[in-house]
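What's in start_38.pdb: PDB, C-alpha atoms
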```
ATOM      1  CA  MET E  22       0.000   0.000   0.000  1.00  0.00           C
ATOM      2  CA  PRO E  23       1.485   3.416  -0.950  1.00  0.00           C
ATOM      3  CA  THR E  24       2.162   5.752   1.936  1.00  0.00           C
ATOM      4  CA  LYS E  25       2.770   9.436   2.537  1.00  0.00           C
ATOM      5  CA  LEU E  26       5.101  11.151   4.963  1.00  0.00           C
ATOM      6  CA  ILE E  27       3.338  13.895   6.916  1.00  0.00           C
ATOM      7  CA  ILE E  28       5.337  16.503   8.794  1.00  0.00           C
ATOM      8  CA  ASN E  29       3.283  18.607  11.179  1.00  0.00           C
ATOM      9  CA  CYS E  30       5.067  21.955  11.286  1.00  0.00           C
ATOM     10  CA  GLU E  31       3.425  22.965  14.565  1.00  0.00           C
ATOM     11  CA  THR E  32       4.402  19.907  16.540  1.00  0.00           C
ATOM     12  CA  GLY E  33       7.357  18.622  14.516  1.00  0.00           C
ATOM     13  CA  GLU E  34       5.732  15.204  14.522  1.00  0.00           C
ATOM     14  CA  GLN E  35       6.386  13.004  11.501  1.00  0.00           C
ATOM     15  CA  THR E  36       4.036  10.199  10.598  1.00  0.00           C
ATOM     16  CA  GLU E  37       3.871   7.809   7.693  1.00  0.00           C
ATOM     17  CA  VAL E  38       0.329   6.815   6.798  1.00  0.00           C
ATOM     18  CA  GLU E  39      -1.287   4.862   3.996  1.00  0.00           C
ATOM     19  CA  LEU E  40      -2.919   6.807   1.183  1.00  0.00           C
ATOM     20  CA  THR E  41      -6.693   6.819   1.095  1.00  0.00           C
ATOM     21  CA  ALA E  42      -8.525   5.277  -1.847  1.00  0.00           C
ATOM     22  CA  GLU E  43      -9.321   8.813  -3.013  1.00  0.00           C
ATOM     23  CA  GLU E  44      -5.653   9.801  -2.912  1.00  0.00           C
ATOM     24  CA  ILE E  45      -4.631   6.700  -4.842  1.00  0.00           C
ATOM     25  CA  ALA E  46      -7.243   7.483  -7.474  1.00  0.00           C
ATOM     26  CA  GLN E  47      -5.981  11.071  -7.696  1.00  0.00           C
ATOM     27  CA  ARG E  48      -2.419   9.826  -8.246  1.00  0.00           C
ATOM     28  CA  GLU E  49      -3.611   7.683 -11.124  1.00  0.00           C
ATOM     29  CA  VAL E  50      -5.456  10.643 -12.649  1.00  0.00           C
ATOM     30  CA  ASP E  51      -2.354  12.838 -12.302  1.00  0.00           C
ATOM     31  CA  ALA E  52      -0.065  10.212 -13.833  1.00  0.00           C
ATOM     32  CA  LYS E  53      -2.415   9.742 -16.784  1.00  0.00           C
ATOM     33  CA  ALA E  54      -2.610  13.491 -17.298  1.00  0.00           C
ATOM     34  CA  TYR E  55       1.169  13.654 -17.313  1.00  0.00           C
ATOM     35  CA  GLU E  56       1.436  10.867 -19.892  1.00  0.00           C
ATOM     36  CA  ALA E  57      -1.142  12.536 -22.147  1.00  0.00           C
ATOM     37  CA  ASP E  58       0.657  15.863 -21.881  1.00  0.00           C
ATOM     38  CA  LYS E  59       4.008  14.248 -22.657  1.00  0.00           C
ATOM     39  CA  LYS E  60       2.623  12.440 -25.694  1.00  0.00           C
ATOM     40  CA  ALA E  61       1.207  15.706 -27.040  1.00  0.00           C
ATOM     41  CA  LYS E  62       4.524  17.500 -26.533  1.00  0.00           C
ATOM     42  CA  ASP E  63       6.495  14.675 -28.126  1.00  0.00           C
ATOM     43  CA  ALA E  64       4.170  14.689 -31.141  1.00  0.00           C
ATOM     44  CA  GLU E  65       4.590  18.442 -31.464  1.00  0.00           C
ATOM     45  CA  LEU E  66       8.385  18.102 -31.428  1.00  0.00           C
ATOM     46  CA  VAL E  67       8.273  15.402 -34.103  1.00  0.00           C
ATOM     47  CA  ALA E  68       5.996  17.555 -36.269  1.00  0.00           C
ATOM     48  CA  GLN E  69       8.317  20.550 -35.904  1.00  0.00           C
ATOM     49  CA  ALA E  70      11.336  18.431 -36.845  1.00  0.00           C
ATOM     50  CA  GLU E  71       9.532  17.127 -39.928  1.00  0.00           C
ATOM     51  CA  VAL E  72       8.650  20.645 -41.075  1.00  0.00           C
ATOM     52  CA  LYS E  73      12.231  21.767 -40.523  1.00  0.00           C
ATOM     53  CA  ALA E  74      13.636  18.823 -42.482  1.00  0.00           C
ATOM     54  CA  ALA E  75      11.219  19.461 -45.362  1.00  0.00           C
ATOM     55  CA  VAL E  76      12.201  23.141 -45.579  1.00  0.00           C
ATOM     56  CA  LEU E  77      15.909  22.319 -45.535  1.00  0.00           C
ATOM     57  CA  LYS E  78      15.372  19.728 -48.253  1.00  0.00           C
ATOM     58  CA  ARG E  79      13.540  22.263 -50.451  1.00  0.00           C
ATOM     59  CA  LEU E  80      16.386  24.728 -49.936  1.00  0.00           C
ATOM     60  CA  GLY E  81      19.010  22.080 -50.598  1.00  0.00           C
ATOM     61  CA  LEU E  82      20.767  22.801 -47.308  1.00  0.00           C
ATOM     62  CA  THR E  83      22.058  20.599 -44.528  1.00  0.00           C
ATOM     63  CA  GLU E  84      21.209  21.459 -40.916  1.00  0.00           C
ATOM     64  CA  ASN E  85      24.800  22.588 -40.274  1.00  0.00           C
ATOM     65  CA  GLU E  86      24.701  24.859 -43.345  1.00  0.00           C
ATOM     66  CA  ALA E  87      21.460  26.420 -42.130  1.00  0.00           C
ATOM     67  CA  LYS E  88      22.996  26.993 -38.687  1.00  0.00           C
ATOM     68  CA  ALA E  89      26.041  28.634 -40.300  1.00  0.00           C
ATOM     69  CA  LEU E  90      23.778  30.993 -42.234  1.00  0.00           C
ATOM     70  CA  LEU E  91      21.929  32.022 -39.067  1.00  0.00           C
ATOM     71  CA  SER E  92      24.993  32.402 -36.837  1.00  0.00           C
TER      72      SER E  92
ATOM     73  CA  MET K  20      15.060  41.768   1.562  1.00  0.00           C
ATOM     74  CA  ALA K  21      15.111  38.590   3.563  1.00  0.00           C
ATOM     75  CA  ASN K  22      17.179  38.782   6.706  1.00  0.00           C
ATOM     76  CA  THR K  23      16.116  35.672   8.596  1.00  0.00           C
ATOM     77  CA  TYR K  24      15.925  32.066   7.575  1.00  0.00           C
ATOM     78  CA  THR K  25      14.229  29.791  10.083  1.00  0.00           C
ATOM     79  CA  LEU K  26      14.032  26.045   9.653  1.00  0.00           C
ATOM     80  CA  ILE K  27      10.362  25.209  10.159  1.00  0.00           C
ATOM     81  CA  ALA K  28      10.563  21.480   9.523  1.00  0.00           C
ATOM     82  CA  SER K  29      12.644  18.835   7.830  1.00  0.00           C
ATOM     83  CA  SER K  30      12.052  15.309   6.655  1.00  0.00           C
ATOM     84  CA  THR K  31      13.999  12.299   5.490  1.00  0.00           C
ATOM     85  CA  VAL K  32      12.202   9.499   3.694  1.00  0.00           C
ATOM     86  CA  GLY K  33      12.528   6.148   5.389  1.00  0.00           C
ATOM     87  CA  SER K  34      12.825   2.576   4.230  1.00  0.00           C
ATOM     88  CA  GLY K  35      10.424   1.633   1.453  1.00  0.00           C
ATOM     89  CA  GLY K  36       9.941   5.173   0.213  1.00  0.00           C
ATOM     90  CA  VAL K  37       6.734   7.209   0.116  1.00  0.00           C
ATOM     91  CA  SER K  38       4.291   8.527  -2.463  1.00  0.00           C
ATOM     92  CA  ASN K  39       4.158  12.047  -1.052  1.00  0.00           C
ATOM     93  CA  ILE K  40       5.933  14.301   1.395  1.00  0.00           C
ATOM     94  CA  GLU K  41       3.470  16.664   3.056  1.00  0.00           C
ATOM     95  CA  PHE K  42       4.200  19.656   5.265  1.00  0.00           C
ATOM     96  CA  THR K  43       1.063  20.500   7.244  1.00  0.00           C
ATOM     97  CA  SER K  44       0.071  23.215   9.737  1.00  0.00           C
ATOM     98  CA  ILE K  45       2.572  25.646   8.232  1.00  0.00           C
ATOM     99  CA  PRO K  46       2.623  28.749  10.449  1.00  0.00           C
ATOM    100  CA  SER K  47       1.577  32.022   8.845  1.00  0.00           C
ATOM    101  CA  THR K  48       4.119  34.066  10.778  1.00  0.00           C
ATOM    102  CA  TYR K  49       6.717  34.457   8.035  1.00  0.00           C
ATOM    103  CA  THR K  50       6.918  36.573   4.900  1.00  0.00           C
ATOM    104  CA  ASP K  51       8.067  33.915   2.417  1.00  0.00           C
ATOM    105  CA  LEU K  52       8.693  30.181   2.296  1.00  0.00           C
ATOM    106  CA  LEU K  53      11.654  28.298   0.881  1.00  0.00           C
ATOM    107  CA  ILE K  54      11.761  24.560   0.306  1.00  0.00           C
ATOM    108  CA  LYS K  55      15.033  22.791  -0.339  1.00  0.00           C
ATOM    109  CA  MET K  56      14.759  19.276  -1.696  1.00  0.00           C
ATOM    110  CA  SER K  57      17.114  16.438  -2.483  1.00  0.00           C
ATOM    111  CA  LEU K  58      14.991  13.728  -4.025  1.00  0.00           C
ATOM    112  CA  ARG K  59      15.163  10.532  -6.015  1.00  0.00           C
ATOM    113  CA  SER K  60      12.286   8.410  -7.291  1.00  0.00           C
ATOM    114  CA  ASN K  61      11.989   4.879  -8.626  1.00  0.00           C
ATOM    115  CA  ARG K  62      10.994   6.121 -12.090  1.00  0.00           C
ATOM    116  CA  ALA K  63      12.848   4.096 -14.738  1.00  0.00           C
ATOM    117  CA  LEU K  64      14.506   7.170 -16.248  1.00  0.00           C
ATOM    118  CA  ALA K  65      17.372   9.454 -15.245  1.00  0.00           C
ATOM    119  CA  VAL K  66      15.031  12.223 -14.170  1.00  0.00           C
ATOM    120  CA  ASP K  67      11.557  12.718 -12.722  1.00  0.00           C
ATOM    121  CA  GLY K  68       9.440  15.818 -12.216  1.00  0.00           C
ATOM    122  CA  ILE K  69       8.356  17.250  -8.881  1.00  0.00           C
ATOM    123  CA  VAL K  70       4.736  18.279  -8.543  1.00  0.00           C
ATOM    124  CA  MET K  71       3.723  20.556  -5.684  1.00  0.00           C
ATOM    125  CA  ARG K  72       0.167  21.012  -4.453  1.00  0.00           C
ATOM    126  CA  PHE K  73      -1.012  23.553  -1.898  1.00  0.00           C
ATOM    127  CA  ASN K  74      -3.733  23.309   0.740  1.00  0.00           C
ATOM    128  CA  GLY K  75      -4.979  20.018  -0.678  1.00  0.00           C
ATOM    129  CA  ASP K  76      -5.962  21.612  -3.991  1.00  0.00           C
ATOM    130  CA  THR K  77      -5.462  18.837  -6.563  1.00  0.00           C
ATOM    131  CA  THR K  78      -7.281  20.581  -9.431  1.00  0.00           C
ATOM    132  CA  SER K  79      -4.590  20.811 -12.091  1.00  0.00           C
ATOM    133  CA  GLY K  80      -6.367  23.728 -13.781  1.00  0.00           C
ATOM    134  CA  ASN K  81      -5.566  25.865 -10.742  1.00  0.00           C
ATOM    135  CA  TYR K  82      -1.839  25.573 -11.416  1.00  0.00           C
ATOM    136  CA  THR K  83      -0.007  27.090 -14.388  1.00  0.00           C
ATOM    137  CA  ALA K  84       3.672  26.438 -14.946  1.00  0.00           C
ATOM    138  CA  LYS K  85       6.415  27.256 -17.425  1.00  0.00           C
ATOM    139  CA  ARG K  86       9.945  25.963 -17.539  1.00  0.00           C
ATOM    140  CA  ILE K  87      13.198  26.251 -19.418  1.00  0.00           C
ATOM    141  CA  TYR K  88      15.586  23.354 -19.307  1.00  0.00           C
ATOM    142  CA  GLY K  89      18.728  21.823 -20.703  1.00  0.00           C
ATOM    143  CA  SER K  90      19.278  18.083 -20.862  1.00  0.00           C
ATOM    144  CA  GLY K  91      23.008  17.798 -21.472  1.00  0.00           C
ATOM    145  CA  SER K  92      22.715  17.837 -25.253  1.00  0.00           C
ATOM    146  CA  GLY K  93      21.023  20.010 -27.847  1.00  0.00           C
ATOM    147  CA  SER K  94      19.669  23.491 -27.242  1.00  0.00           C
ATOM    148  CA  PRO K  95      17.745  24.518 -24.106  1.00  0.00           C
ATOM    149  CA  THR K  96      13.993  24.184 -24.449  1.00  0.00           C
ATOM    150  CA  SER K  97      11.070  25.990 -22.893  1.00  0.00           C
ATOM    151  CA  ASP K  98       7.498  24.765 -22.547  1.00  0.00           C
ATOM    152  CA  SER K  99       4.576  24.446 -20.201  1.00  0.00           C
ATOM    153  CA  ALA K 100       5.452  22.039 -17.448  1.00  0.00           C
ATOM    154  CA  ASN K 101       2.317  19.990 -16.774  1.00  0.00           C
ATOM    155  CA  ASN K 102       2.028  21.831 -13.465  1.00  0.00           C
ATOM    156  CA  GLY K 103       5.458  20.567 -12.489  1.00  0.00           C
ATOM    157  CA  LEU K 104       7.869  22.373 -10.250  1.00  0.00           C
ATOM    158  CA  ALA K 105      11.536  21.349 -10.420  1.00  0.00           C
ATOM    159  CA  ILE K 106      13.035  17.913 -10.758  1.00  0.00           C
ATOM    160  CA  MET K 107      14.290  14.896  -8.876  1.00  0.00           C
ATOM    161  CA  ASN K 108      16.570  12.093  -9.977  1.00  0.00           C
ATOM    162  CA  GLY K 109      14.988   9.033 -11.514  1.00  0.00           C
ATOM    163  CA  ASN K 110      16.253   5.588 -10.697  1.00  0.00           C
ATOM    164  CA  THR K 111      18.519   5.080 -13.729  1.00  0.00           C
ATOM    165  CA  ALA K 112      20.664   8.038 -12.686  1.00  0.00           C
ATOM    166  CA  THR K 113      23.974   7.226 -11.018  1.00  0.00           C
ATOM    167  CA  ALA K 114      23.274   4.959  -8.046  1.00  0.00           C
ATOM    168  CA  SER K 115      22.683   6.558  -4.643  1.00  0.00           C
ATOM    169  CA  VAL K 116      22.775  10.068  -6.090  1.00  0.00           C
ATOM    170  CA  PHE K 117      20.016  12.593  -5.460  1.00  0.00           C
ATOM    171  CA  ALA K 118      18.953  15.714  -7.352  1.00  0.00           C
ATOM    172  CA  ASN K 119      18.966  19.230  -5.878  1.00  0.00           C
ATOM    173  CA  ALA K 120      16.046  21.615  -6.121  1.00  0.00           C
ATOM    174  CA  GLU K 121      14.555  24.552  -4.294  1.00  0.00           C
ATOM    175  CA  ALA K 122      11.293  26.453  -4.539  1.00  0.00           C
ATOM    176  CA  TYR K 123      10.705  29.991  -3.283  1.00  0.00           C
ATOM    177  CA  ILE K 124       7.184  31.129  -2.394  1.00  0.00           C
ATOM    178  CA  PRO K 125       6.946  34.867  -1.694  1.00  0.00           C
ATOM    179  CA  ASN K 126       4.037  36.343   0.232  1.00  0.00           C
ATOM    180  CA  TYR K 127       2.506  32.933   0.946  1.00  0.00           C
ATOM    181  CA  THR K 128      -0.098  34.370   3.305  1.00  0.00           C
ATOM    182  CA  GLY K 129      -1.332  37.042   0.880  1.00  0.00           C
ATOM    183  CA  GLY K 130      -4.854  37.189  -0.500  1.00  0.00           C
ATOM    184  CA  ASN K 131      -3.872  36.941  -4.159  1.00  0.00           C
ATOM    185  CA  ALA K 132      -2.760  34.027  -6.337  1.00  0.00           C
ATOM    186  CA  LYS K 133       0.593  32.643  -5.244  1.00  0.00           C
ATOM    187  CA  SER K 134       3.656  32.689  -7.468  1.00  0.00           C
ATOM    188  CA  VAL K 135       6.486  30.228  -7.061  1.00  0.00           C
ATOM    189  CA  SER K 136       9.929  30.208  -8.637  1.00  0.00           C
ATOM    190  CA  ALA K 137      12.058  27.105  -8.577  1.00  0.00           C
ATOM    191  CA  ASP K 138      15.246  25.688  -9.920  1.00  0.00           C
ATOM    192  CA  GLY K 139      16.627  22.207  -9.993  1.00  0.00           C
ATOM    193  CA  VAL K 140      19.450  20.071 -11.256  1.00  0.00           C
ATOM    194  CA  SER K 141      19.561  16.350 -11.664  1.00  0.00           C
ATOM    195  CA  GLU K 142      22.795  14.715 -10.648  1.00  0.00           C
ATOM    196  CA  ASN K 143      24.035  12.060 -13.030  1.00  0.00           C
ATOM    197  CA  ASN K 144      27.463  10.846 -14.049  1.00  0.00           C
ATOM    198  CA  ALA K 145      26.442  10.716 -17.706  1.00  0.00           C
ATOM    199  CA  THR K 146      25.693  13.042 -20.603  1.00  0.00           C
ATOM    200  CA  GLU K 147      21.987  13.147 -19.755  1.00  0.00           C
ATOM    201  CA  ALA K 148      21.731  15.535 -16.826  1.00  0.00           C
ATOM    202  CA  TYR K 149      19.188  18.307 -16.456  1.00  0.00           C
ATOM    203  CA  ALA K 150      19.180  21.901 -15.266  1.00  0.00           C
ATOM    204  CA  VAL K 151      15.757  23.497 -15.008  1.00  0.00           C
ATOM    205  CA  LEU K 152      14.144  26.815 -14.122  1.00  0.00           C
ATOM    206  CA  TYR K 153      10.430  26.887 -13.333  1.00  0.00           C
ATOM    207  CA  SER K 154       7.784  29.464 -12.662  1.00  0.00           C
ATOM    208  CA  LEU K 155       4.395  28.454 -11.310  1.00  0.00           C
ATOM    209  CA  LEU K 156       1.209  30.259 -10.398  1.00  0.00           C
ATOM    210  CA  TRP K 157      -1.378  28.771  -8.067  1.00  0.00           C
ATOM    211  CA  SER K 158      -4.734  30.517  -8.253  1.00  0.00           C
ATOM    212  CA  GLY K 159      -5.564  29.924  -4.580  1.00  0.00           C
ATOM    213  CA  THR K 160      -6.078  33.071  -2.528  1.00  0.00           C
ATOM    214  CA  SER K 161      -5.872  31.690   0.989  1.00  0.00           C
ATOM    215  CA  ALA K 162      -2.653  31.468   2.979  1.00  0.00           C
ATOM    216  CA  ILE K 163      -0.611  28.392   2.180  1.00  0.00           C
ATOM    217  CA  SER K 164      -0.864  26.081   5.176  1.00  0.00           C
ATOM    218  CA  SER K 165       0.098  22.775   3.619  1.00  0.00           C
ATOM    219  CA  ILE K 166       2.392  21.673   0.818  1.00  0.00           C
ATOM    220  CA  LYS K 167       2.416  18.285  -0.852  1.00  0.00           C
ATOM    221  CA  ILE K 168       5.462  17.155  -2.809  1.00  0.00           C
ATOM    222  CA  THR K 169       5.094  14.242  -5.191  1.00  0.00           C
ATOM    223  CA  SER K 170       6.385  12.701  -8.423  1.00  0.00           C
ATOM    224  CA  GLU K 171       4.758  13.845 -11.664  1.00  0.00           C
ATOM    225  CA  THR K 172       4.466  10.222 -12.748  1.00  0.00           C
ATOM    226  CA  ALA K 173       3.210   8.996  -9.363  1.00  0.00           C
ATOM    227  CA  ASP K 174       6.409   7.091  -8.753  1.00  0.00           C
ATOM    228  CA  THR K 175       7.729   6.397  -5.269  1.00  0.00           C
ATOM    229  CA  ILE K 176      10.074   8.908  -3.641  1.00  0.00           C
ATOM    230  CA  LEU K 177      12.966   6.801  -2.428  1.00  0.00           C
ATOM    231  CA  GLN K 178      14.622   6.372   0.951  1.00  0.00           C
ATOM    232  CA  TYR K 179      17.077   9.076   2.048  1.00  0.00           C
ATOM    233  CA  SER K 180      15.325  11.752   0.001  1.00  0.00           C
ATOM    234  CA  THR K 181      15.086  14.955   2.034  1.00  0.00           C
ATOM    235  CA  ALA K 182      12.968  18.107   2.110  1.00  0.00           C
ATOM    236  CA  TYR K 183      13.557  21.155   4.311  1.00  0.00           C
ATOM    237  CA  LEU K 184      11.009  23.928   4.784  1.00  0.00           C
ATOM    238  CA  TYR K 185      12.260  27.376   5.793  1.00  0.00           C
ATOM    239  CA  GLY K 186      10.342  30.452   6.813  1.00  0.00           C
ATOM    240  CA  ILE K 187      11.804  33.762   5.739  1.00  0.00           C
ATOM    241  CA  SER K 188      11.049  37.095   7.329  1.00  0.00           C
ATOM    242  CA  ASN K 189      11.823  40.484   5.871  1.00  0.00           C
ATOM    243  CA  SER K 190      11.956  42.252   9.189  1.00  0.00           C
TER     244      SER K 190
END
```

Would you mind writing the file out in structure tokens?
Amino acid sequence: MPTKLIINCETGEQTEVELTAEEIAQREVDAKAYEADKKAKDAELVAQAEVKAAVLKRLGLTENEAKALLS
Amino acid sequence: MANTYTLIASSTVGSGGVSNIEFTSIPSTYTDLLIKMSLRSNRALAVDGIVMRFNGDTTSGNYTAKRIYGSGSGSPTSDSANNGLAIMNGNTATASVFANAEAYIPNYTGGNAKSVSADGVSENNATEAYAVLYSLLWSGTSAISSIKITSETADTILQYSTAYLYGISNS
């Protein structure tokens, strides 16, 4: 069973307690949201790279040549 | 200008690790808060993200974050951060090594939304190592009285991870 470490700042007491069913469910929701966000970002990066490669190909330039032009 | 740093509470994760580290009953007697963290999770990557939640508010729409980061290769990148706030080591980073991160929360008792700035570095004896700057806004308007620290992927925070909470006064 997953646990959490609680530190009471008033008393200094530290306790480790099991997560409630609600907290476990929230963790699953958060993890899924993270995965969905990451997939979207990864797809965006791939799309950007594809556009960049297509433009360079049309121009007949390598990536290093394009960097040299912009430096 | 901060002129006092007072350790409010500290924690070290014990055997078996934990899902969350939670500071509760945070006194409202300071001007700002500072959290220093040295964390490692069991995520099967070199790095993991830290997510922070205030006063039990788990609604992700109430948190907005941006970050800029470098990964050890390529150019630095900036993006939204899935409500993240700094980083911890994952479990494929160099064994027994923990990341460093800190988050600064000014005016945590104020009646407006709370801003947080944070920075973090993963520690890894390899090319893949991260340095990250974050900014986060929490829309809550009540004083921050509790802070939950967790992994963005819901992985376990491992033994010997530490978190220190400081109160800072400007007078």

Evaluate the ChimeraX specification (/E :<7) & /K against this structure - the residues, as a JSON list (two decimals) with C-alpha atoms, keeping the file's coordinate frame, please.
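Printed below is selection.json as written:
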```json
[["chain", "number", "residue", "atom", "x", "y", "z"],
["K", 27, "ILE", "CA", 10.36, 25.21, 10.16],
["K", 28, "ALA", "CA", 10.56, 21.48, 9.52],
["K", 37, "VAL", "CA", 6.73, 7.21, 0.12],
["K", 38, "SER", "CA", 4.29, 8.53, -2.46],
["K", 39, "ASN", "CA", 4.16, 12.05, -1.05],
["K", 40, "ILE", "CA", 5.93, 14.30, 1.40],
["K", 41, "GLU", "CA", 3.47, 16.66, 3.06],
["K", 42, "PHE", "CA", 4.20, 19.66, 5.26],
["K", 43, "THR", "CA", 1.06, 20.50, 7.24],
["K", 44, "SER", "CA", 0.07, 23.22, 9.74],
["K", 45, "ILE", "CA", 2.57, 25.65, 8.23],
["K", 101, "ASN", "CA", 2.32, 19.99, -16.77],
["K", 171, "GLU", "CA", 4.76, 13.84, -11.66],
["K", 172, "THR", "CA", 4.47, 10.22, -12.75],
["K", 173, "ALA", "CA", 3.21, 9.00, -9.36]]
```

With a distance cut-off of 9 Å and all atoms listed in the file, select the neighbouring residues of Leu52 in chain K, excluding the residue or stretch itself and same-chain residues fewer than 4 positions from it, and output the selection as a list in words.
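After dropping sequence-adjacent residues, the list is Ala122, Tyr123, Ile124, Pro125, Asn126, Tyr127, Leu184, Tyr185, Gly186, Ile187 and Ser188 of chain K.
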
Between K:Ser34, K:Thr50, K:Thr146, K:Ser170, which has the minimum distance to Thr128 in chain K (counting all atoms listed in the file)?
K:Thr50

Between K:Leu58, K:Leu64, K:Val140, K:Leu156, smallest distance to Ser99 in chain K by only C-alpha atoms belongs to K:Leu156

Can you sort out the box for range 34-39 of chain E, edges along x, y and z, all listed atoms in, 3 Å on every side, with centre and edge lengths in Å to one decimal, as lines of an AutoDock Vina configuration file?
```
center_x = 2.5
center_y = 10.0
center_z = 9.3
size_x = 13.7
size_y = 16.3
size_z = 16.5
```

Answer key for the PyMOL selection byres ((chain K and resi 72) around 6), residues as number ranges by chain:
K: 71, 73, 166-167

Translate the PyMOL selection byres ((chain K and resi 104) around 8), as applied to the file shown, into an explicit residue set as number ranges by chain.
K: 68-71, 84, 100, 102-103, 105-106, 122, 137, 153-155

Work out how far apart CA of Ala64 in chain E and CA of Ala89 in chain E are and give it in Å to one decimal.
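Rounded to one decimal, the two atoms are 27.5 Å apart.
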
Provide the CA of Ser57 in chain K to CA of Met107 in chain K distance in Å, to one decimal place.
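CA of Met107 in chain K lies 7.2 Å from CA of Ser57 in chain K.
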
Interatomic distance, CA of Gln69 in chain E to CA of Ser94 in chain K (Å, one decimal)
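Between these atoms lies a distance of 14.6 Å.
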
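When all atoms listed in the file are used to measure the gap to Pro46 in chain K, the shortest distance among K:Thr83, K:Leu26, K:Trp157, K:Ala132 belongs to K:Leu26.
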
Tell me which protein, DNA and RNA residues are within 12 Å of Ala118 in chain K, counting only C-alpha atoms, leaving out same-chain ones fewer than 4 positions away, and put them as a ChimeraX atom specification.
/K:55-60,65-69,105-110,112-114,138-144,148-151,176-177,179-182
